[in-house]
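One file, data_4.tsv, is given below (TSV, C-alpha atoms).
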```
chain	number	residue	atom	x	y	z
H	1	MET	CA	0.81	-19.00	41.35
H	2	SER	CA	1.81	-15.93	43.34
H	3	ASP	CA	0.39	-12.46	42.76
H	4	VAL	CA	3.83	-11.19	41.84
H	5	SER	CA	4.32	-13.66	39.01
H	6	GLU	CA	0.81	-12.95	37.70
H	7	ARG	CA	1.68	-9.27	37.44
H	8	LEU	CA	4.85	-10.19	35.58
H	9	VAL	CA	3.20	-12.55	33.12
H	10	PHE	CA	-0.20	-11.00	32.50
H	11	VAL	CA	-0.90	-7.38	31.67
H	12	LEU	CA	-4.53	-7.34	32.75
H	13	GLY	CA	-4.43	-9.81	35.61
H	14	ASN	CA	-5.41	-13.02	33.87
H	15	ARG	CA	-4.90	-14.91	30.64
H	16	ARG	CA	-8.48	-14.48	29.38
H	17	ARG	CA	-8.38	-10.68	29.52
H	18	ASP	CA	-4.96	-10.56	27.91
H	19	LEU	CA	-6.17	-12.84	25.11
H	20	LEU	CA	-9.24	-10.71	24.56
H	21	VAL	CA	-7.21	-7.50	24.24
H	22	ALA	CA	-4.55	-9.14	22.08
H	23	ALA	CA	-7.15	-10.68	19.77
H	24	SER	CA	-9.00	-7.36	19.47
H	25	ILE	CA	-5.82	-5.52	18.55
H	26	LEU	CA	-4.88	-8.23	16.07
H	27	ALA	CA	-8.30	-7.98	14.43
H	28	PHE	CA	-7.89	-4.21	14.21
H	29	LEU	CA	-4.43	-4.56	12.64
H	30	LEU	CA	-5.68	-7.03	10.05
H	31	ALA	CA	-8.81	-5.03	9.22
H	32	GLY	CA	-6.86	-1.82	8.70
H	33	SER	CA	-3.81	-3.31	7.01
H	34	PHE	CA	-4.89	-2.10	3.57
H	35	ILE	CA	-4.28	1.49	4.74
H	36	MET	CA	-0.55	0.81	4.91
H	37	ARG	CA	-0.15	0.33	1.14
H	38	VAL	CA	2.01	2.99	-0.51
H	39	TYR	CA	3.35	3.72	-4.02
H	40	TYR	CA	1.59	0.74	-5.60
H	41	ARG	CA	-0.72	2.64	-7.90
H	42	ILE	CA	-1.06	6.08	-9.41
H	43	THR	CA	-3.74	8.19	-10.98
H	44	VAL	CA	-2.04	10.60	-13.32
H	45	TYR	CA	-4.12	13.73	-13.75
H	46	GLU	CA	-4.08	17.33	-14.84
H	47	VAL	CA	-6.57	20.11	-14.29
H	48	GLU	CA	-7.38	22.90	-16.72
H	49	VAL	CA	-9.84	25.71	-16.17
H	50	VAL	CA	-11.73	27.85	-18.65
H	51	GLN	CA	-13.77	30.91	-17.79
H	52	VAL	CA	-16.89	31.25	-19.91
H	53	ALA	CA	-18.19	34.82	-19.85
H	54	ALA	CA	-21.83	35.78	-20.02
H	55	ASP	CA	-21.46	36.46	-23.75
H	56	GLY	CA	-20.12	32.95	-24.35
H	57	SER	CA	-16.47	33.86	-24.89
H	58	ARG	CA	-14.04	31.35	-23.44
H	59	THR	CA	-10.75	32.20	-21.80
H	60	ALA	CA	-8.26	29.68	-20.49
H	61	ILE	CA	-6.88	30.78	-17.13
H	62	PRO	CA	-4.00	29.38	-15.07
H	63	THR	CA	-4.88	26.60	-12.65
H	64	PRO	CA	-4.85	28.23	-9.21
H	65	GLU	CA	-2.15	27.29	-6.71
H	66	GLN	CA	-4.74	25.89	-4.33
H	67	ILE	CA	-5.62	23.18	-6.88
H	68	ALA	CA	-2.22	22.80	-8.54
H	69	LYS	CA	-0.47	21.96	-5.27
H	70	LEU	CA	-2.86	19.13	-4.38
H	71	ARG	CA	-1.21	15.72	-4.30
H	72	LEU	CA	-3.98	13.28	-5.13
H	73	TRP	CA	-2.10	10.79	-7.29
H	74	HIS	CA	-2.46	7.99	-4.75
H	75	LEU	CA	-6.25	7.98	-4.94
H	76	THR	CA	-8.33	5.91	-7.30
H	77	PRO	CA	-10.03	7.92	-10.07
H	78	PRO	CA	-13.42	8.04	-8.27
H	79	GLU	CA	-11.75	9.16	-5.01
H	80	LEU	CA	-9.67	11.71	-6.91
H	81	LEU	CA	-12.71	13.20	-8.60
H	82	ASP	CA	-14.65	13.31	-5.30
H	83	THR	CA	-11.82	15.09	-3.53
H	84	LEU	CA	-11.20	17.49	-6.40
H	85	GLU	CA	-14.88	18.32	-6.54
H	86	SER	CA	-14.99	19.19	-2.83
H	87	GLN	CA	-11.85	21.32	-3.20
H	88	LEU	CA	-13.34	23.12	-6.19
H	89	LYS	CA	-16.53	23.78	-4.25
H	90	LEU	CA	-14.46	25.35	-1.48
H	91	LEU	CA	-12.66	27.50	-4.03
H	92	HIS	CA	-15.93	28.79	-5.44
H	93	GLN	CA	-17.49	29.66	-2.10
H	94	ASP	CA	-15.95	33.12	-1.98
H	95	GLY	CA	-13.18	35.25	-3.42
H	96	PRO	CA	-12.50	36.03	-7.08
H	97	TYR	CA	-14.29	32.97	-8.45
H	98	GLN	CA	-17.49	33.75	-6.58
H	99	ARG	CA	-17.33	37.35	-7.70
H	100	SER	CA	-16.95	36.32	-11.35
H	101	ILE	CA	-19.90	33.96	-11.07
H	102	SER	CA	-21.98	36.86	-9.74
H	103	ASP	CA	-21.13	38.75	-12.94
H	104	GLY	CA	-22.61	35.96	-15.05
H	105	SER	CA	-19.48	33.92	-15.78
H	106	ARG	CA	-19.17	30.23	-15.30
H	107	PHE	CA	-16.05	28.13	-14.86
H	108	GLU	CA	-15.40	24.80	-16.54
H	109	TRP	CA	-12.78	22.63	-14.85
H	110	THR	CA	-11.57	19.79	-17.06
H	111	VAL	CA	-9.81	16.96	-15.26
H	112	ARG	CA	-7.93	14.61	-17.58
H	113	TYR	CA	-6.72	11.44	-15.92
H	114	SER	CA	-5.57	7.85	-16.35
H	115	TYR	CA	-5.02	5.03	-13.88
H	116	ASN	CA	-1.57	3.40	-13.71
H	117	SER	CA	-0.53	4.91	-17.02
H	118	LEU	CA	0.53	8.22	-18.54
H	119	ASP	CA	-2.13	8.19	-21.28
H	120	LEU	CA	-4.56	10.78	-19.73
H	121	ASP	CA	-7.28	9.15	-21.81
H	122	GLU	CA	-10.27	9.87	-19.52
H	123	SER	CA	-11.81	13.16	-18.50
H	124	ARG	CA	-14.48	14.77	-16.35
H	125	VAL	CA	-15.74	18.34	-16.48
H	126	PHE	CA	-16.91	20.22	-13.41
H	127	GLN	CA	-18.87	23.37	-13.95
H	128	PHE	CA	-19.55	26.19	-11.51
H	129	PRO	CA	-22.26	27.29	-10.97
H	130	GLU	CA	-22.76	23.57	-10.63
H	131	SER	CA	-23.83	21.22	-13.31
H	132	ARG	CA	-21.83	18.13	-14.11
H	133	HIS	CA	-21.46	16.37	-17.44
N	1	MET	CA	16.05	-3.11	23.56
N	2	VAL	CA	12.44	-2.41	24.57
N	3	GLY	CA	13.53	1.02	25.77
N	4	ALA	CA	15.22	1.71	22.45
N	5	VAL	CA	12.03	0.80	20.58
N	6	ARG	CA	9.99	3.05	22.87
N	7	ILE	CA	12.32	6.01	22.37
N	8	GLY	CA	12.49	5.40	18.61
N	9	LEU	CA	8.71	5.21	18.39
N	10	ALA	CA	8.31	8.43	20.39
N	11	LEU	CA	10.77	10.29	18.16
N	12	LEU	CA	9.12	9.07	14.99
N	13	LEU	CA	5.68	10.03	16.32
N	14	MET	CA	7.00	13.51	17.10
N	15	TYR	CA	8.44	13.80	13.61
N	16	SER	CA	5.32	12.52	11.86
N	17	PHE	CA	2.77	14.51	13.83
N	18	SER	CA	4.79	17.71	14.22
N	19	SER	CA	3.12	19.51	11.33
N	20	HIS	CA	-0.29	19.63	9.69
N	21	GLU	CA	0.92	21.54	6.64
N	22	GLY	CA	-0.92	20.38	3.56
N	23	TRP	CA	-3.40	18.47	5.68
N	24	MET	CA	-6.46	17.41	3.75
N	25	LEU	CA	-9.47	15.22	4.43
N	26	SER	CA	-10.84	12.65	2.03
N	27	GLY	CA	-13.63	14.13	-0.09
N	28	ARG	CA	-16.13	11.87	1.67
N	29	LEU	CA	-15.33	13.45	5.06
N	30	ASP	CA	-14.86	17.01	3.91
N	31	TYR	CA	-17.73	18.89	5.53
N	32	PRO	CA	-17.63	22.39	7.03
N	33	VAL	CA	-18.48	21.16	10.54
N	34	ILE	CA	-15.53	18.74	10.52
N	35	ARG	CA	-13.20	21.38	9.12
N	36	ASN	CA	-14.28	23.80	11.83
N	37	LEU	CA	-13.66	21.18	14.50
N	38	TYR	CA	-10.11	20.75	13.26
N	39	GLU	CA	-9.49	24.50	13.11
N	40	MET	CA	-10.89	25.05	16.61
N	41	ILE	CA	-9.25	22.12	18.36
N	42	PHE	CA	-6.81	19.85	16.59
N	43	PHE	CA	-4.78	22.47	14.74
N	44	THR	CA	-4.32	24.81	17.69
N	45	ASP	CA	-0.97	25.45	19.37
N	46	ALA	CA	-2.40	24.29	22.70
N	47	TYR	CA	-3.30	20.92	21.22
N	48	TRP	CA	0.14	20.65	19.67
N	49	TRP	CA	1.81	21.28	23.04
N	50	PHE	CA	-0.56	18.81	24.66
N	51	TYR	CA	0.34	15.81	22.53
N	52	MET	CA	4.01	16.75	22.23
N	53	GLY	CA	4.14	16.81	26.02
N	54	LEU	CA	2.56	13.37	26.11
N	55	LEU	CA	5.11	12.11	23.57
N	56	ILE	CA	7.99	13.36	25.70
N	57	LEU	CA	6.59	11.55	28.74
N	58	PHE	CA	6.08	8.44	26.66
N	59	GLY	CA	9.61	8.49	25.29
N	60	ALA	CA	11.07	9.01	28.77
N	61	GLY	CA	9.13	6.01	30.08
N	62	ILE	CA	7.18	8.09	32.59
N	63	GLY	CA	3.82	6.40	32.96
N	64	SER	CA	4.21	5.41	29.34
N	65	ARG	CA	1.39	2.89	29.46
N	66	VAL	CA	-1.24	5.43	30.55
N	67	VAL	CA	0.31	8.17	28.44
N	68	GLY	CA	0.35	5.87	25.43
N	69	LEU	CA	-3.33	5.09	25.88
N	70	LEU	CA	-4.05	8.85	26.03
N	71	LEU	CA	-1.97	9.47	22.93
N	72	LEU	CA	-4.03	7.10	20.80
N	73	PRO	CA	-7.27	9.14	20.79
N	74	ALA	CA	-5.26	12.37	20.85
N	75	LEU	CA	-3.39	11.56	17.65
N	76	ALA	CA	-6.13	9.63	15.84
N	77	PRO	CA	-7.83	12.76	14.36
N	78	LEU	CA	-4.47	13.94	13.03
N	79	ALA	CA	-3.89	10.57	11.38
N	80	LEU	CA	-6.74	11.31	8.97
N	81	HIS	CA	-4.32	13.22	6.75
N	82	LEU	CA	-5.04	12.11	3.21
N	83	SER	CA	-1.42	12.26	2.07
N	84	ALA	CA	0.17	10.84	5.20
N	85	ILE	CA	-2.38	8.36	6.47
N	86	ALA	CA	-0.31	5.21	5.81
N	87	GLY	CA	2.65	6.22	7.96
N	88	ARG	CA	0.59	7.76	10.73
N	89	TYR	CA	-1.82	4.85	10.91
N	90	THR	CA	1.10	2.40	11.07
N	91	MET	CA	2.67	4.26	13.95
N	92	LEU	CA	-0.56	4.45	15.91
N	93	CYS	CA	-1.03	0.70	15.50
N	94	LEU	CA	2.47	0.12	16.85
N	95	LEU	CA	1.70	2.41	19.76
N	96	LEU	CA	-1.54	0.49	20.38
N	97	ALA	CA	0.46	-2.70	20.81
N	98	PHE	CA	3.42	-1.20	22.68
N	99	VAL	CA	1.44	0.45	25.50
N	100	TRP	CA	0.79	-2.92	27.14
N	101	LEU	CA	4.44	-3.28	28.14
N	102	ARG	CA	5.69	-1.95	31.48
N	103	SER	CA	6.22	1.81	31.54
N	104	ASP	CA	9.66	1.51	33.11
N	105	SER	CA	11.00	-1.17	30.78
N	106	GLY	CA	14.44	-0.60	29.31
N	107	VAL	CA	15.99	2.85	29.24
N	108	SER	CA	13.59	5.10	31.14
N	109	VAL	CA	13.49	7.69	33.90
N	110	ALA	CA	12.04	5.15	36.34
N	111	GLY	CA	14.66	2.67	35.26
N	112	LEU	CA	17.45	5.12	36.05
N	113	LEU	CA	16.02	5.68	39.53
N	114	ARG	CA	15.55	1.98	40.19
N	115	THR	CA	17.85	0.43	42.79
N	116	GLY	CA	17.03	-3.28	42.38
N	117	PRO	CA	17.18	-5.54	39.31
N	118	ALA	CA	14.91	-4.67	36.42
N	119	PRO	CA	11.77	-6.80	36.17
N	120	PRO	CA	10.77	-8.29	32.82
N	121	ALA	CA	9.03	-5.81	30.56
N	122	GLY	CA	5.90	-7.93	30.40
N	123	PRO	CA	4.42	-10.80	28.41
N	124	MET	CA	5.33	-11.50	24.82
N	125	TRP	CA	2.09	-10.73	23.11
N	126	PRO	CA	2.53	-6.92	22.72
N	127	ILE	CA	5.85	-7.54	21.00
N	128	ARG	CA	4.34	-10.31	18.88
N	129	LEU	CA	1.62	-7.90	17.74
N	130	MET	CA	4.23	-5.35	16.71
N	131	GLN	CA	6.18	-8.04	14.86
N	132	ILE	CA	2.98	-9.04	13.06
N	133	GLN	CA	2.45	-5.35	12.20
N	134	VAL	CA	5.92	-5.15	10.64
N	135	SER	CA	5.23	-8.26	8.57
N	136	LEU	CA	1.84	-6.91	7.58
N	137	ILE	CA	3.41	-3.68	6.28
N	138	TYR	CA	5.59	-5.65	3.89
N	139	ALA	CA	2.95	-8.25	3.04
N	140	VAL	CA	0.16	-5.83	2.09
N	141	ASN	CA	2.54	-3.74	0.02
N	142	ALA	CA	3.98	-6.79	-1.72
N	143	LEU	CA	0.47	-8.04	-2.43
N	144	ALA	CA	-0.63	-4.66	-3.78
N	145	LYS	CA	2.44	-4.49	-6.02
N	146	SER	CA	1.99	-8.02	-7.36
N	147	SER	CA	-0.19	-6.61	-10.13
N	148	PRO	CA	0.59	-6.65	-13.85
N	149	ALA	CA	0.58	-2.84	-13.96
N	150	TYR	CA	3.19	-2.58	-11.21
N	151	LEU	CA	5.37	-5.54	-12.20
N	152	SER	CA	5.54	-4.27	-15.79
N	153	GLY	CA	7.11	-1.07	-14.49
N	154	ASP	CA	4.32	1.21	-15.75
N	155	VAL	CA	3.36	2.40	-12.26
N	156	LEU	CA	6.97	2.98	-11.21
N	157	MET	CA	7.62	4.91	-14.39
N	158	ALA	CA	4.57	7.12	-13.85
N	159	LEU	CA	5.46	7.66	-10.19
N	160	SER	CA	8.99	8.73	-11.06
N	161	ILE	CA	7.69	11.31	-13.53
N	162	MET	CA	4.73	12.66	-11.59
N	163	LEU	CA	5.84	12.75	-7.97
N	164	PRO	CA	8.22	15.47	-6.80
N	165	ASN	CA	9.62	13.30	-4.00
N	166	PHE	CA	10.93	10.74	-6.51
N	167	LEU	CA	14.63	11.29	-7.05
N	168	ILE	CA	14.91	9.36	-10.31
N	169	ASP	CA	13.35	9.74	-13.72
N	170	ALA	CA	12.45	6.39	-15.25
N	171	SER	CA	10.65	7.85	-18.29
N	172	ASP	CA	13.13	6.12	-20.60
N	173	GLY	CA	12.34	2.74	-19.06
N	174	TRP	CA	15.50	2.56	-16.94
N	175	VAL	CA	16.06	3.00	-13.21
N	176	ARG	CA	19.51	4.36	-12.44
N	177	VAL	CA	20.60	4.01	-8.85
N	178	TRP	CA	23.92	3.33	-7.04
N	179	GLY	CA	25.78	3.15	-10.33
N	180	MET	CA	23.44	0.52	-11.75
N	181	ALA	CA	20.98	0.85	-14.62
N	182	LEU	CA	18.05	-1.56	-14.38
N	183	PRO	CA	15.07	-1.95	-16.69
N	184	VAL	CA	12.11	-0.47	-14.86
N	185	TRP	CA	10.22	-3.80	-14.89
N	186	LEU	CA	13.18	-5.49	-13.19
N	187	ALA	CA	13.44	-2.80	-10.51
N	188	ALA	CA	9.71	-3.06	-9.84
N	189	SER	CA	9.76	-6.84	-9.68
N	190	ALA	CA	12.86	-6.95	-7.49
N	191	SER	CA	11.37	-4.54	-4.96
N	192	THR	CA	8.15	-6.56	-4.82
N	193	LEU	CA	10.06	-9.80	-4.31
N	194	THR	CA	12.14	-8.16	-1.56
N	195	GLU	CA	9.01	-7.06	0.26
N	196	TRP	CA	7.60	-10.59	0.08
N	197	ALA	CA	10.88	-11.89	1.50
N	198	LEU	CA	10.88	-9.37	4.35
N	199	ALA	CA	7.26	-10.15	5.20
N	200	VAL	CA	8.21	-13.75	5.86
N	201	GLY	CA	11.95	-14.00	6.46
N	202	LEU	CA	12.25	-12.14	9.76
N	203	TRP	CA	10.29	-14.90	11.47
N	204	PHE	CA	13.00	-17.48	10.87
N	205	ARG	CA	15.50	-17.28	13.71
N	206	ARG	CA	18.39	-18.76	11.73
N	207	TRP	CA	18.00	-16.30	8.86
N	208	ARG	CA	16.84	-13.28	10.85
N	209	TRP	CA	20.10	-11.38	10.67
N	210	ALA	CA	20.38	-11.94	6.93
N	211	PHE	CA	16.87	-10.63	6.31
N	212	ALA	CA	17.45	-7.66	8.58
N	213	VAL	CA	20.55	-6.81	6.54
N	214	LEU	CA	18.53	-7.27	3.35
N	215	GLY	CA	15.88	-4.94	4.74
N	216	ILE	CA	18.39	-2.26	5.67
N	217	LEU	CA	19.95	-2.48	2.21
N	218	PHE	CA	16.51	-2.31	0.62
N	219	HIS	CA	15.59	0.85	2.50
N	220	MET	CA	18.94	2.46	1.81
N	221	ILE	CA	18.42	1.90	-1.92
N	222	LEU	CA	14.85	3.18	-1.60
N	223	LYS	CA	16.15	6.40	-0.08
N	224	SER	CA	18.06	6.97	-3.33
N	225	ILE	CA	14.87	6.56	-5.31
N	226	VAL	CA	12.18	8.26	-3.23
N	227	GLN	CA	11.99	10.45	-0.15
N	228	ILE	CA	9.35	9.09	2.23
N	229	GLY	CA	10.09	11.00	5.38
N	230	GLY	CA	10.39	8.84	8.46
N	231	LEU	CA	9.01	5.59	7.10
N	232	ASP	CA	12.45	4.27	6.14
N	233	HIS	CA	13.84	4.93	9.61
N	234	LEU	CA	10.71	3.50	11.22
N	235	SER	CA	11.04	0.27	9.29
N	236	MET	CA	14.66	-0.17	10.26
N	237	ILE	CA	14.02	0.61	13.94
N	238	LEU	CA	11.24	-1.95	13.96
N	239	TYR	CA	13.65	-4.72	12.96
N	240	LEU	CA	14.84	-4.48	16.58
N	241	LEU	CA	11.55	-6.06	17.59
N	242	PHE	CA	12.69	-9.35	16.13
N	243	PHE	CA	15.84	-9.34	18.28
N	244	ILE	CA	14.29	-8.64	21.68
N	245	PRO	CA	15.21	-11.53	23.98
N	246	PHE	CA	12.42	-13.51	25.54
N	247	GLU	CA	12.64	-15.41	28.80
N	248	ARG	CA	10.88	-18.74	28.72
N	249	GLY	CA	8.63	-19.57	31.68
N	250	ASP	CA	10.91	-22.04	33.39
N	251	ARG	CA	11.29	-20.02	36.56
N	252	ALA	CA	9.53	-21.58	39.57
N	253	ALA	CA	7.23	-18.61	40.12
N	254	GLN	CA	5.91	-18.50	36.53
N	255	PRO	CA	3.23	-20.61	34.89
N	256	LYS	CA	4.41	-23.24	32.44
N	257	ASN	CA	4.71	-22.30	28.78
N	258	SER	CA	4.57	-18.61	29.54
N	259	SER	CA	7.13	-16.25	28.15
N	260	THR	CA	8.06	-12.76	29.14
N	261	VAL	CA	10.00	-10.05	27.46
N	262	ALA	CA	13.40	-9.77	29.11
N	263	ALA	CA	14.25	-6.58	30.92
N	264	GLY	CA	16.18	-4.04	28.88
```

Target encoding structure tokens, full file:
Amino acid sequence: MSDVSERLVFVLGNRRRDLLVAASILAFLLAGSFIMRVYYRITVYEVEVVQVAADGSRTAIPTPEQIAKLRLWHLTPPELLDTLESQLKLLHQDGPYQRSISDGSRFEWTVRYSYNSLDLDESRVFQFPESRH
Amino acid sequence: MVGAVRIGLALLLMYSFSSHEGWMLSGRLDYPVIRNLYEMIFFTDAYWWFYMGLLILFGAGIGSRVVGLLLLPALAPLALHLSAIAGRYTMLCLLLAFVWLRSDSGVSVAGLLRTGPAPPAGPMWPIRLMQIQVSLIYAVNALAKSSPAYLSGDVLMALSIMLPNFLIDASDGWVRVWGMALPVWLAASASTLTEWALAVGLWFRRWRWAFAVLGILFHMILKSIVQIGGLDHLSMILYLLFFIPFERGDRAAQPKNSSTVAAG
């Protein structure tokens, strides 16, 4: 076999190396194939927030844009709650929410959700300063 | 044909990775140090110009093999976009397979400057990997949708109500598209069956054209139901992979039973 035909037929110089690379890529494709799934499930959710003042009075406030614009429907409920929790923590690190907490308020974020249905029959409450129930 | 796939892939990569608006990490990866890394490096204008420049070189067929291998680690961090990971991951996998073909295959700058006949683009296996990737896209989605919740239409109904990029409202149990009104369970089942068919059918030479037409029709109907950016166009471009001519290894200089991708 001439060198020229080897360059034409094999990418890496010989069959063994080509097979190794091809098999590695194939294994990678198969292992990661689950990532390519789209629009096959949905977690329907809504987020409401209540500010509880130091004297115990409760006021419902509008869900901030930063949370309302999140598109987390494609996550499973545990993933959704994890991601929401990290976004809420970011929100409470500074700005108006942090200032209100300094004044003795706390914020209760109620996430109502359901998996593959519109029932919204499950819920989780996040509280800042943090305590979860 | 190989050149057309390369150019199409470059354009779709540019479209998909052109913006990081709304970019978000999974909650499990969302730490300040990672966020800072993205702000300092991956979201800068310099980085954007860097990988866009690489994509232009790749599309033009200038050192596209080396450039393609550079693009993979360059774009990988940007693929971790929670809302866009499926499309971006798919494209990077296709790039991973494509880079093993000759840089000057098909329509390319080097090809335009070439004086002699075009050599074959390379062995078959990179194209086979991309074909397998196309089949995998349909197969994993068909498998995921072969669930009672999806086939009953419940998921499709909820998607149509909740997602702003859905162009229909199936809350009354009907999907109305192209002048037809279908029960939502029938629309869901039909789309799942079509994806199963496309996962398998493109491998049959005799029926390839028919399944390609089915696939194009399927994606055109999908565009009336949901906007999914470049994924529709990507899928249709990738059908070309199943029509690339192969040269069997019957030339005297080639080993037996080898096959190469024809030039062009």

Would you give me, as a Markdown table, each residue of chain H having an atom within 7 Å of an atom of chain N, along with its shortest atom pair and that distance in Å to one decimal, using only C-alpha atoms and sorting by chain and residue number?
```
| residue | atom | partner | partner_atom | distance |
| --- | --- | --- | --- | --- |
| H:Met1 | CA | N:Ala253 | CA | 6.5 |
| H:Ser2 | CA | N:Ala253 | CA | 6.9 |
| H:Ser5 | CA | N:Gln254 | CA | 5.7 |
| H:Leu8 | CA | N:Gly122 | CA | 5.7 |
| H:Val9 | CA | N:Pro123 | CA | 5.2 |
| H:Phe10 | CA | N:Pro123 | CA | 6.2 |
| H:Val11 | CA | N:Trp100 | CA | 6.6 |
| H:Ala22 | CA | N:Trp125 | CA | 6.9 |
| H:Leu26 | CA | N:Leu129 | CA | 6.7 |
| H:Leu29 | CA | N:Cys93 | CA | 6.9 |
| H:Ser33 | CA | N:Leu136 | CA | 6.7 |
| H:Phe34 | CA | N:Val140 | CA | 6.5 |
| H:Ile35 | CA | N:Ala86 | CA | 5.5 |
| H:Met36 | CA | N:Ala86 | CA | 4.5 |
| H:Arg37 | CA | N:Asn141 | CA | 5.0 |
| H:Val38 | CA | N:Asn141 | CA | 6.8 |
| H:Tyr40 | CA | N:Lys145 | CA | 5.3 |
| H:Arg41 | CA | N:Val155 | CA | 6.0 |
| H:Ile42 | CA | N:Val155 | CA | 6.4 |
| H:Asp82 | CA | N:Gly27 | CA | 5.4 |
| H:Thr83 | CA | N:Gly27 | CA | 4.0 |
| H:Ser86 | CA | N:Gly27 | CA | 5.9 |
| H:Asn116 | CA | N:Val155 | CA | 5.2 |
| H:Ser117 | CA | N:Asp154 | CA | 6.2 |
| H:Leu118 | CA | N:Ala158 | CA | 6.3 |
```

Query - All residues 7 Å or closer to range 61-74 of chain H, all atoms listed in the file, same chain fewer than 5 positions away omitted, as number ranges by chain - result: H: 41-44, 47-51, 80

Query raised in the report: Could you pull the residues within 10 Å of range 93-103 of chain H, counting all atoms listed in the file, minus those fewer than 5 positions along the same chain, as an MDAnalysis selection string?
Result: chainID H and resid 51:54 88 128:129

Query raised in the report: Ile56 in chain N: which residues within 9 Å, counting all atoms listed in the file, same-chain residues fewer than 5 positions away excluded, as a PyMOL selection string?
Result: chain N and resi 10-11+14+51+61-62

**Report entry** Minimum-distance residue to Arg205 in chain N, chosen among N:Asp169, N:Pro245, N:Met180, N:Trp174 (using all atoms listed in the file)
**Finding:**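 When distances to Arg205 in chain N are compared using all atoms listed in the file, the smallest one comes from N:Pro245.
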
Give me, as a PDB file with C-alpha atoms, in the frame of the given file, all polymer residues having an atom no more than 8 Å from range 121-127 of chain H, counting only C-alpha atoms and skipping those fewer than 2 positions away in the same chain.
```pdb
ATOM      1  CA  GLU H  85     -14.880  18.320  -6.540  1.00  0.00           C
ATOM      2  CA  ARG H 106     -19.170  30.230 -15.300  1.00  0.00           C
ATOM      3  CA  PHE H 107     -16.050  28.130 -14.860  1.00  0.00           C
ATOM      4  CA  GLU H 108     -15.400  24.800 -16.540  1.00  0.00           C
ATOM      5  CA  TRP H 109     -12.780  22.630 -14.850  1.00  0.00           C
ATOM      6  CA  THR H 110     -11.570  19.790 -17.060  1.00  0.00           C
ATOM      7  CA  VAL H 111      -9.810  16.960 -15.260  1.00  0.00           C
ATOM      8  CA  ARG H 112      -7.930  14.610 -17.580  1.00  0.00           C
ATOM      9  CA  TYR H 113      -6.720  11.440 -15.920  1.00  0.00           C
ATOM     10  CA  SER H 114      -5.570   7.850 -16.350  1.00  0.00           C
ATOM     11  CA  ASP H 119      -2.130   8.190 -21.280  1.00  0.00           C
ATOM     12  CA  PRO H 129     -22.260  27.290 -10.970  1.00  0.00           C
ATOM     13  CA  GLU H 130     -22.760  23.570 -10.630  1.00  0.00           C
ATOM     14  CA  SER H 131     -23.830  21.220 -13.310  1.00  0.00           C
ATOM     15  CA  ARG H 132     -21.830  18.130 -14.110  1.00  0.00           C
ATOM     16  CA  HIS H 133     -21.460  16.370 -17.440  1.00  0.00           C
TER      17      HIS H 133
END
```

Report summary line: Separating CA of Leu222 in chain N from CA of Tyr15 in chain N, to the nearest tenth of an Å, is a gap of 19.6 Å

Query raised in the report: Using all atoms listed in the file, which residues sit within 8 Å of Val67 in chain N once same-chain residues fewer than 2 positions away are excluded, as a list in words?
Result: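 That gives Leu54, Leu55, Leu57, Phe58, Gly63, Ser64, Arg65, Leu69, Leu70 and Leu71 of chain N.
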
Query - Selected residue, from N:Ile244, N:Arg206, N:Ser152, N:Ser160, that lies nearest to Pro183 in chain N when counting all atoms listed in the file - result: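 The closest residue to Pro183 in chain N is N:Ser152.
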
**Report entry** Point-to-point distance from CA of Ser235 in chain N to CA of Leu214 in chain N, Å rounded to tenths
**Finding:**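 About the pair CA of Ser235 in chain N and CA of Leu214 in chain N: they are 12.2 Å apart.
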